[in-house]
Every structure is written in C-alpha cells, then in structure tokens.
$ cat start_6.cif   # mmCIF, C-alpha atoms and all ligand atoms; chains and numbers go by the auth columns
data_work
#
loop_
_atom_site.group_PDB
_atom_site.id
_atom_site.type_symbol
_atom_site.label_atom_id
_atom_site.label_comp_id
_atom_site.label_asym_id
_atom_site.label_seq_id
_atom_site.Cartn_x
_atom_site.Cartn_y
_atom_site.Cartn_z
_atom_site.B_iso_or_equiv
_atom_site.auth_seq_id
_atom_site.auth_asym_id
ATOM 1 C CA MET A 1 5.889 -1.644 -14.157 0.00 624 C
ATOM 2 C CA ASP A 2 6.602 -3.555 -17.353 0.00 625 C
ATOM 3 C CA ASP A 3 3.446 -3.999 -19.461 0.00 626 C
ATOM 4 C CA ASN A 4 4.790 -7.229 -20.942 0.00 627 C
ATOM 5 C CA CYS A 5 5.638 -8.783 -17.575 0.00 628 C
ATOM 6 C CA ILE A 6 3.155 -11.378 -16.310 0.00 629 C
ATOM 7 C CA PHE A 7 3.923 -10.639 -12.643 0.00 630 C
ATOM 8 C CA CYS A 8 3.540 -6.872 -13.141 0.00 631 C
ATOM 9 C CA ASN A 9 0.151 -7.609 -14.683 0.00 632 C
ATOM 10 C CA ILE A 10 -0.797 -9.808 -11.714 0.00 633 C
ATOM 11 C CA ILE A 11 0.273 -7.023 -9.342 0.00 634 C
ATOM 12 C CA LYS A 12 -1.864 -4.544 -11.307 0.00 635 C
ATOM 13 C CA ASN A 13 -4.840 -6.950 -11.106 0.00 636 C
ATOM 14 C CA LYS A 14 -4.863 -7.288 -14.886 0.00 637 C
ATOM 15 C CA VAL A 15 -4.188 -11.023 -14.622 0.00 638 C
ATOM 16 C CA PRO A 16 -5.988 -13.122 -11.984 0.00 639 C
ATOM 17 C CA CYS A 17 -4.144 -14.971 -9.246 0.00 640 C
ATOM 18 C CA THR A 18 -4.792 -16.702 -5.949 0.00 641 C
ATOM 19 C CA ARG A 19 -3.379 -14.061 -3.653 0.00 642 C
ATOM 20 C CA VAL A 20 -2.223 -15.110 -0.208 0.00 643 C
ATOM 21 C CA TYR A 21 -0.437 -11.962 0.991 0.00 644 C
ATOM 22 C CA GLU A 22 -0.050 -8.325 0.024 0.00 645 C
ATOM 23 C CA ASP A 23 1.520 -5.221 1.512 0.00 646 C
ATOM 24 C CA ASP A 24 2.698 -1.914 0.028 0.00 647 C
ATOM 25 C CA SER A 25 5.795 -3.433 -1.549 0.00 648 C
ATOM 26 C CA PHE A 26 5.198 -7.180 -1.989 0.00 649 C
ATOM 27 C CA MET A 27 2.614 -9.656 -3.153 0.00 650 C
ATOM 28 C CA ALA A 28 2.441 -13.419 -2.689 0.00 651 C
ATOM 29 C CA PHE A 29 0.292 -15.747 -4.766 0.00 652 C
ATOM 30 C CA VAL A 30 -0.051 -19.440 -5.542 0.00 653 C
ATOM 31 C CA ASP A 31 2.110 -20.765 -8.383 0.00 654 C
ATOM 32 C CA ILE A 32 -0.048 -21.707 -11.375 0.00 655 C
ATOM 33 C CA ASN A 33 2.002 -24.895 -11.918 0.00 656 C
ATOM 34 C CA PRO A 34 2.790 -26.077 -8.392 0.00 657 C
ATOM 35 C CA ALA A 35 5.879 -28.203 -7.798 0.00 658 C
ATOM 36 C CA ALA A 36 4.802 -29.065 -4.240 0.00 659 C
ATOM 37 C CA PRO A 37 1.516 -29.153 -2.261 0.00 660 C
ATOM 38 C CA VAL A 38 2.310 -25.624 -1.116 0.00 661 C
ATOM 39 C CA HIS A 39 3.976 -23.472 -3.777 0.00 662 C
ATOM 40 C CA ILE A 40 3.763 -19.746 -3.247 0.00 663 C
ATOM 41 C CA LEU A 41 5.617 -17.005 -5.107 0.00 664 C
ATOM 42 C CA VAL A 42 6.663 -13.855 -3.258 0.00 665 C
ATOM 43 C CA VAL A 43 7.301 -10.944 -5.597 0.00 666 C
ATOM 44 C CA PRO A 44 8.263 -7.307 -5.077 0.00 667 C
ATOM 45 C CA LYS A 45 5.775 -4.906 -6.646 0.00 668 C
ATOM 46 C CA ARG A 46 8.698 -3.066 -8.189 0.00 669 C
ATOM 47 C CA HIS A 47 9.784 -4.631 -11.483 0.00 670 C
ATOM 48 C CA VAL A 48 13.280 -5.974 -10.922 0.00 671 C
ATOM 49 C CA PRO A 49 14.238 -8.637 -13.504 0.00 672 C
ATOM 50 C CA MET A 50 16.427 -10.866 -11.343 0.00 673 C
ATOM 51 C CA LEU A 51 18.577 -11.014 -8.266 0.00 674 C
ATOM 52 C CA SER A 52 21.799 -10.321 -10.155 0.00 675 C
ATOM 53 C CA ASP A 53 20.354 -7.246 -11.879 0.00 676 C
ATOM 54 C CA PRO A 54 21.851 -3.944 -10.674 0.00 677 C
ATOM 55 C CA ALA A 55 18.319 -2.827 -9.749 0.00 678 C
ATOM 56 C CA ALA A 56 18.262 -5.539 -7.071 0.00 679 C
ATOM 57 C CA GLU A 57 21.261 -4.029 -5.291 0.00 680 C
ATOM 58 C CA ASP A 58 18.993 -2.625 -2.626 0.00 681 C
ATOM 59 C CA PRO A 59 19.275 -3.848 0.967 0.00 682 C
ATOM 60 C CA GLU A 60 15.744 -2.696 1.747 0.00 683 C
ATOM 61 C CA LEU A 61 14.269 -4.622 -1.197 0.00 684 C
ATOM 62 C CA LEU A 62 16.216 -7.802 -0.471 0.00 685 C
ATOM 63 C CA GLY A 63 15.767 -7.664 3.287 0.00 686 C
ATOM 64 C CA ASN A 64 12.073 -6.949 3.005 0.00 687 C
ATOM 65 C CA LEU A 65 11.664 -9.806 0.515 0.00 688 C
ATOM 66 C CA LEU A 66 12.798 -12.259 3.194 0.00 689 C
ATOM 67 C CA LEU A 67 10.654 -10.533 5.799 0.00 690 C
ATOM 68 C CA ALA A 68 7.664 -10.921 3.447 0.00 691 C
ATOM 69 C CA VAL A 69 8.528 -14.635 3.108 0.00 692 C
ATOM 70 C CA ARG A 70 8.525 -14.906 6.911 0.00 693 C
ATOM 71 C CA LYS A 71 5.066 -13.325 7.083 0.00 694 C
ATOM 72 C CA VAL A 72 3.695 -15.671 4.408 0.00 695 C
ATOM 73 C CA VAL A 73 5.031 -18.865 6.003 0.00 696 C
ATOM 74 C CA LYS A 74 3.725 -17.768 9.400 0.00 697 C
ATOM 75 C CA GLN A 75 0.315 -16.980 7.918 0.00 698 C
ATOM 76 C CA GLU A 76 0.234 -20.333 6.099 0.00 699 C
ATOM 77 C CA ASN A 77 1.472 -22.231 9.197 0.00 700 C
ATOM 78 C CA LEU A 78 4.436 -23.604 7.245 0.00 701 C
ATOM 79 C CA LYS A 79 7.077 -24.723 9.698 0.00 702 C
ATOM 80 C CA ASP A 80 9.376 -26.404 7.178 0.00 703 C
ATOM 81 C CA PHE A 81 9.794 -25.019 3.704 0.00 704 C
ATOM 82 C CA ARG A 82 12.323 -24.542 0.955 0.00 705 C
ATOM 83 C CA LEU A 83 13.026 -21.119 -0.553 0.00 706 C
ATOM 84 C CA ILE A 84 14.304 -20.914 -4.126 0.00 707 C
ATOM 85 C CA ILE A 85 15.280 -17.996 -6.345 0.00 708 C
ATOM 86 C CA ASN A 86 16.119 -18.936 -9.926 0.00 709 C
ATOM 87 C CA ASN A 87 18.464 -16.427 -11.523 0.00 710 C
ATOM 88 C CA GLY A 88 18.802 -16.488 -15.323 0.00 711 C
ATOM 89 C CA ALA A 89 17.451 -18.772 -18.026 0.00 712 C
ATOM 90 C CA GLY A 90 20.251 -21.287 -17.472 0.00 713 C
ATOM 91 C CA ALA A 91 19.092 -21.682 -13.874 0.00 714 C
ATOM 92 C CA GLY A 92 15.483 -22.224 -14.913 0.00 715 C
ATOM 93 C CA GLN A 93 14.180 -18.678 -14.556 0.00 716 C
ATOM 94 C CA THR A 94 11.214 -18.243 -16.889 0.00 717 C
ATOM 95 C CA VAL A 95 9.622 -15.075 -15.504 0.00 718 C
ATOM 96 C CA PHE A 96 12.037 -12.161 -15.445 0.00 719 C
ATOM 97 C CA HIS A 97 10.547 -10.384 -12.471 0.00 720 C
ATOM 98 C CA LEU A 98 12.359 -11.221 -9.234 0.00 721 C
ATOM 99 C CA HIS A 99 10.480 -13.792 -7.150 0.00 722 C
ATOM 100 C CA ALA A 100 11.105 -16.278 -4.372 0.00 723 C
ATOM 101 C CA HIS A 101 9.470 -19.707 -4.499 0.00 724 C
ATOM 102 C CA ILE A 102 8.203 -21.010 -1.156 0.00 725 C
ATOM 103 C CA LEU A 103 7.830 -24.798 -1.392 0.00 726 C
ATOM 104 C CA GLY A 104 6.353 -26.926 1.352 0.00 727 C
ATOM 105 C CA GLY A 105 3.734 -29.416 2.414 0.00 728 C
ATOM 106 C CA ILE A 106 5.886 -32.474 1.678 0.00 729 C
ATOM 107 C CA ARG A 107 9.148 -33.828 2.908 0.00 730 C
ATOM 108 C CA MET A 108 11.605 -32.247 0.482 0.00 731 C
ATOM 109 C CA PRO A 109 13.579 -34.488 -1.838 0.00 732 C
ATOM 110 C CA GLU A 110 17.204 -33.553 -2.400 0.00 733 C
ATOM 111 C CA LYS A 111 16.299 -31.788 -5.625 0.00 734 C
ATOM 112 C CA LEU A 112 12.901 -30.421 -6.491 0.00 735 C
ATOM 113 C CA LEU A 113 13.413 -27.767 -9.165 0.00 736 C
HETATM 114 P P1 LIG B . 10.841 -19.233 -12.499 0.00 801 D
HETATM 115 O O1 LIG B . 10.946 -20.463 -13.370 0.00 801 D
HETATM 116 O O2 LIG B . 11.726 -19.267 -11.284 0.00 801 D
HETATM 117 O O3 LIG B . 10.983 -17.962 -13.312 0.00 801 D
HETATM 118 O O4 LIG B . 9.388 -19.281 -11.897 0.00 801 D
HETATM 119 C C1 LIG B . 8.284 -18.749 -12.558 0.00 801 D
HETATM 120 C C2 LIG B . 7.090 -19.393 -11.939 0.00 801 D
HETATM 121 O O5 LIG B . 5.961 -18.598 -12.254 0.00 801 D
HETATM 122 C C3 LIG B . 6.791 -20.813 -12.457 0.00 801 D
HETATM 123 O O6 LIG B . 6.818 -21.717 -11.365 0.00 801 D
HETATM 124 C C4 LIG B . 5.404 -20.677 -13.070 0.00 801 D
HETATM 125 O O7 LIG B . 4.594 -21.808 -12.838 0.00 801 D
HETATM 126 C C5 LIG B . 4.857 -19.441 -12.387 0.00 801 D
HETATM 127 N N1 LIG B . 3.854 -18.700 -13.107 0.00 801 D
HETATM 128 C C6 LIG B . 3.896 -18.295 -14.407 0.00 801 D
HETATM 129 N N2 LIG B . 2.790 -17.626 -14.733 0.00 801 D
HETATM 130 C C7 LIG B . 2.025 -17.592 -13.619 0.00 801 D
HETATM 131 C C8 LIG B . 0.753 -17.038 -13.304 0.00 801 D
HETATM 132 N N3 LIG B . 0.028 -16.380 -14.221 0.00 801 D
HETATM 133 N N4 LIG B . 0.264 -17.196 -12.065 0.00 801 D
HETATM 134 C C9 LIG B . 0.978 -17.871 -11.131 0.00 801 D
HETATM 135 N N5 LIG B . 2.194 -18.404 -11.348 0.00 801 D
HETATM 136 C C10 LIG B . 2.709 -18.274 -12.577 0.00 801 D
HETATM 137 ZN ZN ZN B . 7.412 -7.250 -13.708 0.00 802 D
#
$ encode --input "start_6.cif" --output "structure tokens"
Amino acid sequence: MDDNCIFCNIIKNKVPCTRVYEDDSFMAFVDINPAAPVHILVVPKRHVPMLSDPAAEDPELLGNLLLAVRKVVKQENLKDFRLIINNGAGAGQTVFHLHAHILGGIRMPEKLL
C-alpha cells in the first residue's frame, strides 16, 4: 500500500470507483476517462509500480492478473477486446501501480492508445 497511489486508495475504498470485479488479490473498475465504450482497469491489490519492476517478477501475480482479466471479460460478456499494459512514462503510463486496460465495445482501430 502506497498512501500517495491513486489505485491503492481506490483499493482501500478511500477514493470512489465503479467497481466491476473484486477478489482477494485483484480489483477491476471502470476507467474514469474511457478510451472506448468499455474501458475497465484490472489492478492487483498489491502495489507493484509497473510490469518491468522487480516486484512484478512473480508468476503467480502475472498469471493471476490474466486470469482476473478472463473473469472480467466473461462477466461483462466481452467477446472481443484489447488488453494493454503501459510500462513507463514514455509508453504513456500515468499511474504507477500495475494495471491492465481492457478495451472493448467498438471495432478496434489499429491504434487506440
Ligand atoms: P496509464 O496511462 O496506463 O497509467 O493508465 C492510467 C489510467 O487510469 C488512465 O486511463 C486514467 O484515465 C485512469 N484513472 C486515473 N485515475 C482514475 C480514477 N480515480 N478512477 C478510474 N480510473 C482512473
Ligand atoms: Zn498503488
């Protein structure tokens, strides 16, 4: 838990969100600035800054992140979707708490983010 991290504060219910999924280790909520009709963020409850961080070198964390994505898309009846993880400011990462973007609800253009 990082007190200055917006996603940690969402996880701790200190900041409101539109939650779509939660289990012991992950939470999914609607992106506040959606880039597609469906735009859901899947975040581990553990504060890991980004995929390339040494703290992310955890097969259970990374495997379960994709399994959480599978549960969310099934729950939301999303057959086709795009999954994006931005890593580092140069790649567009603005929140330094690992998260996967699920984008769907439109036919995807070649580039969206
Ligand atoms: P990234 O640019 O990959 O770090 O993605 C961060 C995402 O978090 C952006 O798409 C933001 O719109 C989203 N975001 C930031 N603050 C919030 C919030 N309080 N609730 C929901 N989504 C947020
Ligand atoms: Zn955090």
$ residues_near_ligand --input "start_6.cif" --ligand "ligand LIG 801 (chain D)" --cutoff "9 Å" --atoms "all atoms listed in the file" --output "MDAnalysis selection string"
chainID C and resid 629:630 632:633 638:641 652:658 662:664 707:712 714:724 736
$ resolve_selection --input "start_6.cif" --expression "the PyMOL selection byres (((chain C and resi 693) around 12) and not hetatm)" --output "PyMOL selection string"
chain C and resi 644+651+665+686-692+694-706+723+725
$ write_last_selection --input "start_6.cif" --atoms "C-alpha atoms" --output "PDB file, keeping the file's coordinate frame"
ATOM      1  CA  TYR C 644      -0.437 -11.962   0.991  1.00  0.00           C
ATOM      2  CA  ALA C 651       2.441 -13.419  -2.689  1.00  0.00           C
ATOM      3  CA  VAL C 665       6.663 -13.855  -3.258  1.00  0.00           C
ATOM      4  CA  GLY C 686      15.767  -7.664   3.287  1.00  0.00           C
ATOM      5  CA  ASN C 687      12.073  -6.949   3.005  1.00  0.00           C
ATOM      6  CA  LEU C 688      11.664  -9.806   0.515  1.00  0.00           C
ATOM      7  CA  LEU C 689      12.798 -12.259   3.194  1.00  0.00           C
ATOM      8  CA  LEU C 690      10.654 -10.533   5.799  1.00  0.00           C
ATOM      9  CA  ALA C 691       7.664 -10.921   3.447  1.00  0.00           C
ATOM     10  CA  VAL C 692       8.528 -14.635   3.108  1.00  0.00           C
ATOM     11  CA  LYS C 694       5.066 -13.325   7.083  1.00  0.00           C
ATOM     12  CA  VAL C 695       3.695 -15.671   4.408  1.00  0.00           C
ATOM     13  CA  VAL C 696       5.031 -18.865   6.003  1.00  0.00           C
ATOM     14  CA  LYS C 697       3.725 -17.768   9.400  1.00  0.00           C
ATOM     15  CA  GLN C 698       0.315 -16.980   7.918  1.00  0.00           C
ATOM     16  CA  GLU C 699       0.234 -20.333   6.099  1.00  0.00           C
ATOM     17  CA  ASN C 700       1.472 -22.231   9.197  1.00  0.00           C
ATOM     18  CA  LEU C 701       4.436 -23.604   7.245  1.00  0.00           C
ATOM     19  CA  LYS C 702       7.077 -24.723   9.698  1.00  0.00           C
ATOM     20  CA  ASP C 703       9.376 -26.404   7.178  1.00  0.00           C
ATOM     21  CA  PHE C 704       9.794 -25.019   3.704  1.00  0.00           C
ATOM     22  CA  ARG C 705      12.323 -24.542   0.955  1.00  0.00           C
ATOM     23  CA  LEU C 706      13.026 -21.119  -0.553  1.00  0.00           C
ATOM     24  CA  ALA C 723      11.105 -16.278  -4.372  1.00  0.00           C
ATOM     25  CA  ILE C 725       8.203 -21.010  -1.156  1.00  0.00           C
TER      26      ILE C 725
END
$ closest_atom_pairs --input "start_6.cif" --of "chain C" --to "ligand ZN 802 (chain D)" --cutoff "6 Å" --atoms "all atoms listed in the file" --output "JSON lines"
{"residue": "C:Met624", "atom": "CA", "partner": "D:ZN802", "partner_atom": "ZN", "distance": 5.8}
{"residue": "C:Asp625", "atom": "CA", "partner": "D:ZN802", "partner_atom": "ZN", "distance": 5.3}
{"residue": "C:Cys628", "atom": "CA", "partner": "D:ZN802", "partner_atom": "ZN", "distance": 4.5}
{"residue": "C:Phe630", "atom": "CA", "partner": "D:ZN802", "partner_atom": "ZN", "distance": 5.0}
{"residue": "C:Cys631", "atom": "CA", "partner": "D:ZN802", "partner_atom": "ZN", "distance": 3.9}
{"residue": "C:His670", "atom": "CA", "partner": "D:ZN802", "partner_atom": "ZN", "distance": 4.2}
{"residue": "C:His720", "atom": "CA", "partner": "D:ZN802", "partner_atom": "ZN", "distance": 4.6}
$ resolve_selection --input "start_6.cif" --expression "the PyMOL selection byres (((chain C and resi 668) around 6) and not hetatm)" --output "list in words"
Ser648, Phe649, Pro667 and Arg669 of chain C
$ write_last_selection --input "start_6.cif" --atoms "C-alpha atoms" --output "short mmCIF file (atom, residue, chain, number, x, y, z; two decimals), in the frame of the given file"
data_model
loop_
_atom_site.label_atom_id
_atom_site.label_comp_id
_atom_site.auth_asym_id
_atom_site.auth_seq_id
_atom_site.Cartn_x
_atom_site.Cartn_y
_atom_site.Cartn_z
CA SER C 648 5.80 -3.43 -1.55
CA PHE C 649 5.20 -7.18 -1.99
CA PRO C 667 8.26 -7.31 -5.08
CA ARG C 669 8.70 -3.07 -8.19
#
$ closest_residue --input "start_6.cif" --among "C:Val671, C:Val666, C:Leu726, C:Asp626" --to "Met650 in chain C" --atoms "only C-alpha atoms"
C:Val666
$ atom_distance --input "start_6.cif" --atom1 "CA of Leu684 in chain C" --atom2 "CA of Lys635 in chain C"
19.0 Å
$ atom_distance --input "start_6.cif" --atom1 "CA of Gly713 in chain C" --atom2 "CA of Glu683 in chain C"
27.1 Å
$ resolve_selection --input "start_6.cif" --expression "the PyMOL selection byres (((chain C and resi 660) around 7) and not hetatm)" --output "PyMOL selection string"
chain C and resi 657+659+661-662+727-729
$ decode --input "start_6.cif" --residues "range 710-727 of chain C" --atoms "N, CA and C atoms" --output "JSON list (two decimals), in the first residue's frame"
[["chain", "number", "residue", "atom", "x", "y", "z"],
["C", 710, "ASN", "N", 3.90, 0.60, -19.85],
["C", 710, "ASN", "CA", 5.03, 0.45, -18.92],
["C", 710, "ASN", "C", 5.99, 1.61, -19.06],
["C", 711, "GLY", "N", 5.96, 2.54, -18.09],
["C", 711, "GLY", "CA", 6.87, 3.68, -18.10],
["C", 711, "GLY", "C", 6.23, 4.91, -18.73],
["C", 712, "ALA", "N", 6.70, 6.07, -18.27],
["C", 712, "ALA", "CA", 6.12, 7.34, -18.72],
["C", 712, "ALA", "C", 6.21, 7.49, -20.24],
["C", 713, "GLY", "N", 7.31, 7.03, -20.83],
["C", 713, "GLY", "CA", 7.50, 7.15, -22.27],
["C", 713, "GLY", "C", 6.50, 6.32, -23.06],
["C", 714, "ALA", "N", 5.90, 5.34, -22.41],
["C", 714, "ALA", "CA", 4.89, 4.50, -23.06],
["C", 714, "ALA", "C", 3.48, 4.96, -22.72],
["C", 715, "GLY", "N", 3.39, 6.07, -21.96],
["C", 715, "GLY", "CA", 2.07, 6.60, -21.64],
["C", 715, "GLY", "C", 1.56, 6.20, -20.27],
["C", 716, "GLN", "N", 2.39, 5.52, -19.48],
["C", 716, "GLN", "CA", 1.92, 5.17, -18.13],
["C", 716, "GLN", "C", 1.84, 6.43, -17.28],
["C", 717, "THR", "N", 0.69, 6.64, -16.66],
["C", 717, "THR", "CA", 0.48, 7.82, -15.81],
["C", 717, "THR", "C", 0.24, 7.43, -14.36],
["C", 718, "VAL", "N", -0.24, 6.21, -14.14],
["C", 718, "VAL", "CA", -0.46, 5.73, -12.77],
["C", 718, "VAL", "C", 0.52, 4.58, -12.54],
["C", 719, "PHE", "N", 1.41, 4.78, -11.57],
["C", 719, "PHE", "CA", 2.49, 3.82, -11.37],
["C", 719, "PHE", "C", 2.11, 2.78, -10.34],
["C", 720, "HIS", "N", 1.04, 2.08, -10.69],
["C", 720, "HIS", "CA", 0.55, 0.90, -9.99],
["C", 720, "HIS", "C", 0.08, -0.01, -11.13],
["C", 721, "LEU", "N", 0.74, -1.15, -11.25],
["C", 721, "LEU", "CA", 0.49, -2.06, -12.38],
["C", 721, "LEU", "C", -1.00, -2.22, -12.66],
["C", 722, "HIS", "N", -1.38, -2.09, -13.93],
["C", 722, "HIS", "CA", -2.78, -2.30, -14.31],
["C", 722, "HIS", "C", -2.86, -2.70, -15.76],
["C", 723, "ALA", "N", -3.88, -3.47, -16.08],
["C", 723, "ALA", "CA", -4.18, -3.85, -17.46],
["C", 723, "ALA", "C", -5.45, -3.14, -17.88],
["C", 724, "HIS", "N", -5.40, -2.51, -19.06],
["C", 724, "HIS", "CA", -6.59, -1.88, -19.63],
["C", 724, "HIS", "C", -7.34, -2.92, -20.47],
["C", 725, "ILE", "N", -8.60, -3.12, -20.20],
["C", 725, "ILE", "CA", -9.47, -3.90, -21.08],
["C", 725, "ILE", "C", -10.29, -2.90, -21.89],
["C", 726, "LEU", "N", -10.16, -2.95, -23.21],
["C", 726, "LEU", "CA", -10.88, -2.03, -24.09],
["C", 726, "LEU", "C", -11.77, -2.84, -25.02],
["C", 727, "GLY", "N", -13.02, -2.41, -25.12],
["C", 727, "GLY", "CA", -13.94, -3.14, -25.99],
["C", 727, "GLY", "C", -15.18, -2.32, -26.28]]
